[in-house]
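Here's the structure we're looking at; comments come further down.
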Amino acid sequence: MSSCNGNCASCSSSSCADRKKESLLASLNPKANVKKVIAVVSGKGGVGKSTVTSMLAVAMARQGKRVGVLDADITGPSAPTAFGVTECQGATEDGLYPALSRSGIQVMSINLLLDDPASPVVWRGPVIAGAVKQFWTDVIWEDVDYLFVDMPPGTGDVPLTVFQSLPVDGIVIVTSPQDLVSMIVTKAVKMAEMMHIPVLGFVENYSYLRCPDCGKKIEVFGKSHLDEVAAKFNLPILARLPIDPAVAECYDSGLMETVNTDAMADVVEAVKKAERNNG
């Protein structure tokens, strides 16, 4: 077993079929309690994934749920900015307590641990992945109903670590209305399938701009191509969010908890129904 390379086709052991698959799940901090984990992912950067994550967290908190945000984007952390937090609640020998937003949302990010938030995190992939894992094992998440993991874009070390180490109940894929969406989204969906993580659906950000004078919807990035992709995988489009300068201003000012989240209603309902596939 110690020499197993994971390639069953090359295995000569007769007892291999009787062996149970080893779980790679990391142990949650003994003092923590998290009921459901939802990862918010994107195939590429610049689609507003962190904005969607924060809006989803706020929408769920407004329904009376205890919510946490784990900022897994180590080299581009922004969750503290969205919620206006600058430091953790403190630490004991049992672990680290996350920051607490104005409405009680628990937030953990590498920027809360740096002396200077503007300092770059120049780490190699395995070290970054290890830090994300510690946000699960070392942080005392206090009675969290829903923990939203704000993922970095792509299918690299961190997404792999999160999918293998955390008991992810489902993922929400954030995208934008551009020609390359089909290829990028397909990669994200197929990675989720490989890792046996249910895809709850899509959120299309920057879907349109509403004219402030006449109210007409302007498709700034062109006609959406997400419908074809959603039909291909038989997955729902849970929300189409407009380009809204007011939301961007609230994010930059740490006031995301004041943003209107009505458009996230279907996303919230999908999250509530999420159940991890243990296959």
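Note on naming: chains are A, B, ... as they come in the structure tokens, residues start from 1 per chain, ligands start from 1 in the order shown.
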Taking the DSSP secondary structure from the backbone, can you list the residues of range 105-170 of chain A that are strand (DSSP E), as a list in words?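 Matching residues, listed in order: Gln106, Val107, Met108, Val144, Asp145, Tyr146, Leu147, Phe148, Val149, Asp150, Val168, Asp169 and Gly170 of chain A.
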Shell of 8 Å around range 44-60 of chain A, only C-alpha atoms, local chain residues under 3 positions omitted, as an mmCIF file with C-alpha atoms, in the first residue's frame:
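New file around33.cif:
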```cif
data_model
loop_
_atom_site.group_PDB
_atom_site.id
_atom_site.type_symbol
_atom_site.label_atom_id
_atom_site.label_comp_id
_atom_site.auth_asym_id
_atom_site.auth_seq_id
_atom_site.Cartn_x
_atom_site.Cartn_y
_atom_site.Cartn_z
ATOM 1 C CA VAL A 40 -17.763 29.589 -4.843
ATOM 2 C CA VAL A 41 -15.539 29.018 -7.860
ATOM 3 C CA GLN A 63 -32.317 34.731 6.792
ATOM 4 C CA GLY A 64 -31.084 34.287 10.331
ATOM 5 C CA LYS A 65 -28.327 31.787 9.559
ATOM 6 C CA VAL A 67 -22.457 32.414 8.290
ATOM 7 C CA GLY A 68 -18.718 32.227 7.751
ATOM 8 C CA VAL A 69 -16.485 33.234 4.829
ATOM 9 C CA SER A 78 -10.321 40.576 -0.513
ATOM 10 C CA ALA A 79 -12.938 39.272 1.928
ATOM 11 C CA ALA A 82 -15.787 43.573 1.632
ATOM 12 C CA ILE A 105 -20.479 37.122 9.708
ATOM 13 C CA PHE A 148 -18.701 29.925 2.052
ATOM 14 C CA VAL A 149 -15.254 29.321 0.599
ATOM 15 C CA ASP A 150 -14.116 32.107 -1.730
ATOM 16 C CA PRO A 152 -9.058 31.474 -6.364
ATOM 17 C CA PRO A 153 -9.778 31.069 -10.087
ATOM 18 C CA GLY A 154 -8.791 27.986 -12.029
ATOM 19 C CA VAL A 174 -19.492 32.258 -11.226
ATOM 20 C CA THR A 175 -19.029 33.299 -14.826
ATOM 21 C CA SER A 176 -19.549 36.169 -17.265
ATOM 22 C CA ILE A 184 -13.719 27.775 -19.023
ATOM 23 C CA ASN A 205 -22.064 38.256 -13.203
ATOM 24 C CA TYR A 206 -21.749 41.434 -15.321
ATOM 25 C CA TYR A 251 -17.374 46.355 -1.589
ATOM 26 C CA MET A 256 -21.339 44.773 1.530
ATOM 27 C CA GLU A 257 -23.799 44.083 4.325
ATOM 28 C CA VAL A 259 -26.217 45.753 -0.490
ATOM 29 C CA THR A 261 -29.321 40.768 -2.258
ATOM 30 C CA ASP A 262 -32.766 39.992 -3.678
ATOM 31 C CA MET A 264 -29.487 35.909 -4.823
ATOM 32 C CA ALA A 265 -32.781 34.299 -3.752
ATOM 33 C CA VAL A 267 -28.828 30.788 -5.122
ATOM 34 C CA VAL A 268 -29.729 30.758 -1.442
#
```
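Residues in contact with range 237-245 of chain A at 7 Å, where only C-alpha atoms are counted and same-chain residues fewer than 5 positions away are skipped, are listed as A:Gly201, A:Phe202, A:Val203, A:Glu204, A:Asn205, A:Tyr206, A:Ser207, A:Tyr208, A:Leu209, A:Ala230, A:Ala263, A:Met264, A:Asp266, A:Val267.
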Smallest atom-to-atom distance to Ile110 in chain A: which of A:Ala188, A:Ala131, A:Val144, A:Ala248, using only C-alpha atoms? A:Ala131
Could you tell me how far CA of Glu87 in chain A lies from CA of Thr75 in chain A, in Å and to one decimal? 17.8 Å
Would you mind reading off the distance between CA of Asp252 in chain A and CA of Gly215 in chain A, one decimal, in Å?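 Rounded to one decimal, the two atoms are 25.5 Å apart.
The nearest approach to Gly156 in chain A among the residues A:Asp213, A:Asp227, A:Glu275, A:Asp73, with only C-alpha atoms taken into account, belongs to A:Asp73.
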Check the smallest atom-to-atom distance from each of A:Cys214, A:Leu200, A:Val181, A:Leu100 to Asp169 in chain A using only C-alpha atoms, then report the winner. A:Leu200
Write down as a ChimeraX atom specification the residues of range 47-245 of chain A whose backbone DSSP state falls under alpha helix (DSSP H). /A:49-61,79-83,125-137,157-165,181-194,226-233,245
Could you tell me which of A:Pro236, A:Leu28, A:Thr137, A:Lys223 comes closest to Ala270 in chain A if we count only C-alpha atoms?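 Smallest separation from Ala270 in chain A among the options: A:Pro236.
Restricting the calculation to only C-alpha atoms, the smallest distance between Phe221 in chain A and any of A:Val189, A:Val158, A:Leu180, A:Val247 is found for A:Leu180.
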To one decimal place, how far is CA of Asn111 in chain A from CA of Ser253 in chain A in Å? 16.1 Å
List the spatial neighbours of His196 in chain A as JSON, numbers by chain - criterion: any atom at most 12 Å away, only C-alpha atoms, same-chain residues fewer than 5 positions off excluded. {"A": [160, 163, 164, 167, 168, 169, 170, 171, 189, 190, 191, 275, 276, 277, 278, 279]}
Hey, can you spit out that residue selection with all heavy atoms as a short mmCIF file (atom, residue, chain, number, x, y, z; two decimals), in the first residue's frame?
```
data_model
loop_
_atom_site.label_atom_id
_atom_site.label_comp_id
_atom_site.auth_asym_id
_atom_site.auth_seq_id
_atom_site.Cartn_x
_atom_site.Cartn_y
_atom_site.Cartn_z
N LEU A 160 -7.95 22.07 -5.57
CA LEU A 160 -7.75 20.65 -5.31
C LEU A 160 -7.68 20.39 -3.81
O LEU A 160 -8.30 19.44 -3.30
CB LEU A 160 -6.46 20.17 -5.99
CG LEU A 160 -6.14 18.68 -5.83
CD1 LEU A 160 -7.25 17.83 -6.43
CD2 LEU A 160 -4.80 18.36 -6.50
N PHE A 163 -11.24 20.81 -2.27
CA PHE A 163 -12.15 19.72 -2.62
C PHE A 163 -11.77 18.41 -1.93
O PHE A 163 -12.63 17.59 -1.62
CB PHE A 163 -12.15 19.50 -4.14
CG PHE A 163 -12.86 20.60 -4.90
CD1 PHE A 163 -12.64 20.76 -6.26
CD2 PHE A 163 -13.73 21.46 -4.27
CE1 PHE A 163 -13.29 21.76 -6.97
CE2 PHE A 163 -14.38 22.46 -4.97
CZ PHE A 163 -14.16 22.61 -6.33
N GLN A 164 -10.47 18.21 -1.68
CA GLN A 164 -10.03 16.97 -1.03
C GLN A 164 -10.05 17.05 0.49
O GLN A 164 -10.31 16.05 1.16
CB GLN A 164 -8.61 16.61 -1.49
CG GLN A 164 -8.51 16.15 -2.93
CD GLN A 164 -7.11 15.73 -3.30
OE1 GLN A 164 -6.12 16.28 -2.80
NE2 GLN A 164 -7.00 14.75 -4.18
N PRO A 167 -15.12 19.06 3.64
CA PRO A 167 -16.32 18.33 3.25
C PRO A 167 -17.27 19.25 2.47
O PRO A 167 -18.33 19.65 2.97
CB PRO A 167 -16.92 17.91 4.59
CG PRO A 167 -16.49 18.99 5.53
CD PRO A 167 -15.11 19.40 5.08
N VAL A 168 -16.91 19.57 1.23
CA VAL A 168 -17.68 20.51 0.42
C VAL A 168 -19.01 19.89 0.01
O VAL A 168 -19.05 18.82 -0.60
CB VAL A 168 -16.88 20.94 -0.82
CG1 VAL A 168 -17.69 21.93 -1.66
CG2 VAL A 168 -15.55 21.56 -0.41
N ASP A 169 -20.10 20.56 0.34
CA ASP A 169 -21.44 20.05 0.03
C ASP A 169 -21.89 20.42 -1.38
O ASP A 169 -22.78 19.78 -1.95
CB ASP A 169 -22.45 20.59 1.04
CG ASP A 169 -22.18 20.08 2.44
OD1 ASP A 169 -22.61 18.95 2.74
OD2 ASP A 169 -21.53 20.79 3.23
N GLY A 170 -21.28 21.44 -1.95
CA GLY A 170 -21.65 21.85 -3.30
C GLY A 170 -20.86 23.07 -3.72
O GLY A 170 -20.25 23.74 -2.89
N ILE A 171 -20.86 23.34 -5.03
CA ILE A 171 -20.16 24.51 -5.53
C ILE A 171 -21.11 25.36 -6.38
O ILE A 171 -22.03 24.84 -7.02
CB ILE A 171 -18.90 24.16 -6.34
CG1 ILE A 171 -19.27 23.54 -7.69
CG2 ILE A 171 -17.99 23.25 -5.57
CD1 ILE A 171 -18.08 23.41 -8.63
N VAL A 189 -16.70 22.58 -14.29
CA VAL A 189 -17.70 21.53 -14.06
C VAL A 189 -17.05 20.16 -14.04
O VAL A 189 -17.35 19.32 -13.18
CB VAL A 189 -18.80 21.59 -15.14
CG1 VAL A 189 -19.74 20.38 -15.01
CG2 VAL A 189 -19.60 22.87 -15.03
N LYS A 190 -16.16 19.92 -14.99
CA LYS A 190 -15.52 18.60 -15.07
C LYS A 190 -14.62 18.34 -13.86
O LYS A 190 -14.50 17.19 -13.40
CB LYS A 190 -14.73 18.48 -16.37
CG LYS A 190 -15.63 18.33 -17.59
CD LYS A 190 -14.85 18.02 -18.85
CE LYS A 190 -15.79 17.73 -20.01
NZ LYS A 190 -15.05 17.40 -21.25
N MET A 191 -13.96 19.38 -13.33
CA MET A 191 -13.16 19.19 -12.13
C MET A 191 -14.06 18.80 -10.96
O MET A 191 -13.73 17.90 -10.18
CB MET A 191 -12.37 20.44 -11.77
CG MET A 191 -11.51 20.24 -10.53
SD MET A 191 -10.53 21.69 -10.07
CE MET A 191 -9.53 20.99 -8.73
N GLU A 275 -26.48 18.78 -0.92
CA GLU A 275 -26.09 17.59 -0.16
C GLU A 275 -24.85 16.99 -0.79
O GLU A 275 -24.82 16.74 -2.00
CB GLU A 275 -27.22 16.55 -0.15
CG GLU A 275 -28.45 16.97 0.66
CD GLU A 275 -29.48 15.87 0.74
OE1 GLU A 275 -29.19 14.76 0.26
OE2 GLU A 275 -30.57 16.13 1.27
N ARG A 276 -23.85 16.76 0.02
CA ARG A 276 -22.59 16.24 -0.51
C ARG A 276 -22.76 14.85 -1.08
O ARG A 276 -23.43 13.98 -0.53
CB ARG A 276 -21.53 16.21 0.60
CG ARG A 276 -20.20 15.64 0.14
CD ARG A 276 -19.13 15.77 1.20
NE ARG A 276 -17.92 15.07 0.84
CZ ARG A 276 -17.02 15.51 -0.01
NH1 ARG A 276 -17.20 16.67 -0.61
NH2 ARG A 276 -15.94 14.81 -0.29
N ASN A 277 -22.13 14.64 -2.24
CA ASN A 277 -22.10 13.33 -2.89
C ASN A 277 -20.89 12.57 -2.35
O ASN A 277 -19.75 12.94 -2.63
CB ASN A 277 -22.01 13.49 -4.40
CG ASN A 277 -21.91 12.15 -5.12
OD1 ASN A 277 -22.04 11.10 -4.52
ND2 ASN A 277 -21.70 12.21 -6.43
N ASN A 278 -21.13 11.53 -1.59
CA ASN A 278 -20.02 10.78 -0.99
C ASN A 278 -19.55 9.62 -1.85
O ASN A 278 -18.83 8.74 -1.39
CB ASN A 278 -20.45 10.24 0.39
CG ASN A 278 -20.67 11.36 1.38
OD1 ASN A 278 -19.84 12.24 1.54
ND2 ASN A 278 -21.81 11.34 2.06
N GLY A 279 -19.97 9.64 -3.11
CA GLY A 279 -19.57 8.57 -4.00
C GLY A 279 -18.12 8.64 -4.44
O GLY A 279 -17.44 9.61 -4.23
#
```
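Among the candidates A:Ala192, A:Cys250, A:Thr161, A:Thr155, the residue lying nearest to Val127 in chain A is A:Thr161 (atoms considered: only C-alpha atoms).
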